[in-house]
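Some notes on the structure that comes next.
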Amino acid sequence: MNSTVPIDRLFWAIVEAPPRGRRWRSAEIAALAEELIPASVEALHIVERRLRDGRTVVCAIEIEELRSRCSGLLELIPEEVPDLVRARVDEPLDPRRFDLLVGDFTPPEVMRAKRRLTVAVASIAALLTIALAAGFVVRGMAARRALETVDARRSEIVGAVIAQGASGTQSVLPPELHLIAELRELSSTRSSTLPRLDDPSSMASSVFGAWPRGVNARLDRAKVAPNSVSLEGWAEDSGDAQRIADALGALPGVRLEPPQVRAGSDGVTFTILLSPSSGGRWEVP
Amino acid sequence: MNRIKAISFVGALAIICISSWLWCHAQSQRLEDRLASVREVAGNAEQVMSLRGREQRASLGERPKQDLIARVNATLTAVGIPRNVVSGVTTEADGSAPLPASRPSGGVSLPGEVRGQAMRVAFKGIQPGQLGAFLERWRETQALWTPTSIEISRSSAKSPAPEVERFDASIVLSVIYLSPAQPATRG
């Protein structure tokens with residue numbers, strides 16, 4: 001089903017490479033070939049093959065000649081590439097590259113085979129695309145389902161935290177904003193960087209707890225501050241007042257100032273001053 | 001014509017492929033964003049839980065007098081002391097609470113100026129044991145208000161039971177609060 005055409009029935013031409021590396025279009029090749037081939041281009045069937053160097057080898061046959069030869073063939077190639085052409089190109093030229101049964105002269109069997117191939121390739125491409133798209137859609141839907149789970153989990157977390165700290169009043173804020181507002185408030189009001197106020201009540205407790213038993217005395221006035229304790233009172237004699245001062249001065253972290261004792265008509269009055277021995281704040285026992 | 005058909009066919013497949021990928025990508029991105037948001041919410045929740053367990057050191061804004069009166073009354077009730085021992089609650093000058101030297105460290109931003117507020121609660125004819133119980137209960141339940149000064153003096157009021165010692169007491173209760181930062185004024 002293959003046949004050859006004698007070279008004397010063919011026209012050959014070499015067209016130079018187009019400028020800026022582009023390819024010639026078929027119409028341009030035909031127009032250029034018209035200048036080189038001594039025949040009307042409308043009456044020719046042209047086959048062109050591009051060479052590695054960018055030039056194009058044109059092989060043409062008269063349409064009538066081709067019609068008379070192509071019947072029942074699957075391939076119609078030149079008998080050989082003429083020496084004139086071979087001598088001007090730098091690569092081997094196989095006559096099979098110049099199959100003339102192309103374009104309008106493509107054999108119906110080849111056309112059908114090409115069509116079947118095209119349909120097969122298109123079907124495979126369509127199936128692959130559908131499979132790929134289905135994969136993306138399945139993945140996207142899984143992400144959407146996960147989104148619902150994540151949202152539910154988030155609401156659960158926020159709800160649990162808010163419910164745990166609920167003070168009885170209903171917040172007007174949406175739960176997440178409520179959480180952020182609470183976080184801001186807590187961060188501000190419970191920050192470890194905030195200063196601490198000194199609480200002297202532990203010191204007061206220690207002082208009153210250390211008051212000695214068995215002394216005949218009474219406490220009239222006391223002031224406990226973060227950096228001092230002053231006690232005023234009455235005692236039967238200065239010995240009792242001194243015992244009180246000694247007992248209080250024995251407290252850890254306390255510096256006892258010399259007690260002031262004043263004689264009265266029915267005993268003595270005393271003033272005892274205590275201060276932190278470290279000079280700063282009380283070391284709470 | 002065949003080339004146009006082929007290009008159209010390939011284009012259609014490409015559009016199907018690209019649009020489904022874009023949709024999938026958008027969903028994945030939304031999921032990623034939402035996961036990041038959940039992580040943030042979980043972090044916030046954890047912080048809130050941790051901070052709730054900490055002692056409150058400051059109030060947001062100045063505390064009203066009624067707040068302190070309510071707390072004092074609640075504490076008196078809790079330890080079984082009649083409320084009429086309270087003879088008055090007076091406001092000390094705002095900002096006069098004794099702020100210690102340990103001020104906020106540098107680099108920590110607080111939403112306002114740290115100030116002190118102090119109120120004096122006066123008790124008349126209270127027994128030493130009652131005062132001790134009050135202070136103990138106060139320290140357990142009212143971490144915000146700190147007693148910063150305690151003064152007692154023998155009560156001059158006549159006691160129904162002369163053998164029971166009674167004192168007049170005055171406790172300064174102080175609180176640290178964060179005052180909203182004042183906008184700079186033009187001089």
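Naming works like this for the structure tokens: A, B, ... for the chains as they're shown, residue 1 at the start of each chain, ligands 1 onward in shown order.
All residues of protein, DNA or RNA that reach within 10 Å of A:Gly264, judged by only C-alpha atoms and not counting those fewer than 2 positions away in the chain, are A:Trp234, A:Ala235, A:Glu236, A:Asp237, A:Val261, A:Arg262, A:Asp266, A:Gly267, A:Val268, A:Thr269.
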Restrict the selected residues to C-alpha atoms and save them as a PDB file, in the first residue's frame.
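What follows is the written file out_3.pdb:
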ATOM      1  CA  TRP A 234      -0.177  50.710 130.853  1.00  0.00           C
ATOM      2  CA  ALA A 235       1.783  48.317 133.080  1.00  0.00           C
ATOM      3  CA  GLU A 236       1.959  47.880 136.796  1.00  0.00           C
ATOM      4  CA  ASP A 237       5.694  48.490 136.797  1.00  0.00           C
ATOM      5  CA  VAL A 261       8.462  54.050 129.965  1.00  0.00           C
ATOM      6  CA  ARG A 262       6.911  56.872 131.979  1.00  0.00           C
ATOM      7  CA  ASP A 266      -0.712  53.887 139.623  1.00  0.00           C
ATOM      8  CA  GLY A 267       1.980  52.263 137.478  1.00  0.00           C
ATOM      9  CA  VAL A 268       3.800  53.101 134.278  1.00  0.00           C
ATOM     10  CA  THR A 269       2.767  53.949 130.741  1.00  0.00           C
TER      11      THR A 269
END
Practice item. Define the interface residues of chain B facing chain A as those within 7 Å, counting only C-alpha atoms, and report them as a ChimeraX atom specification. Key: /B:13,16-17,20-21,23-24,27-28,31,35,38,42,44-45,48,51,54-60,99-100,102-105,110-111,146-154
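Taking atom CA of B:Arg34 as the reference point, atom CA of A:Glu156 is found at 14.3 Å.
Here atom CA of A:Leu248 is placed at a distance of 20.9 Å from atom CA of B:Glu136.
By only C-alpha atoms, and with residues fewer than 5 positions from B:Lys124 along its chain excluded, the set lying at most 7 Å from it is B:Val85, B:Val86, B:Ser87, B:Phe167, B:Asp168, B:Ala169.
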Please produce a file of the residues just selected, as a compact mmCIF listing (two decimals), in the first residue's frame, where the atoms kept are C-alpha atoms.
# COMPACT_ATOMS: atom_id res chain seq x y z
CA VAL B 85 -19.74 47.69 114.81
CA VAL B 86 -18.88 49.59 111.64
CA SER B 87 -19.08 53.27 112.50
CA PHE B 167 -11.56 48.62 121.11
CA ASP B 168 -12.24 51.21 118.49
CA ALA B 169 -10.40 50.14 115.38
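The interatomic distance for the pair atom CA of A:Asp246 and atom CA of A:Ala263 works out to 18.9 Å.
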Check your understanding: Of the residues B:Gln117, B:Thr75, B:Ser50, B:Ser37, which is the one nearest to B:Gln130, using only C-alpha atoms?
Key -> B:Thr75
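Proximity of B:Ala36, B:Ile126, B:Ile15, B:Leu68 to B:Glu165, computed with only C-alpha atoms, is greatest for B:Ile126.
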Point to revise | Spatial neighbours of B:Arg71, 12 Å, only C-alpha atoms, chain gap at least 4 places, as JSON, numbers by chain | key: {"B": [63, 64, 65, 66, 67, 75, 76, 77, 78, 83, 89, 121, 134, 137, 138, 139, 141, 142, 143, 144, 145, 173]}
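Distances from A:Val121, A:Leu36, A:Val47, A:Leu101 to A:Arg67 were compared using only C-alpha atoms, and the smallest one belongs to A:Leu101.
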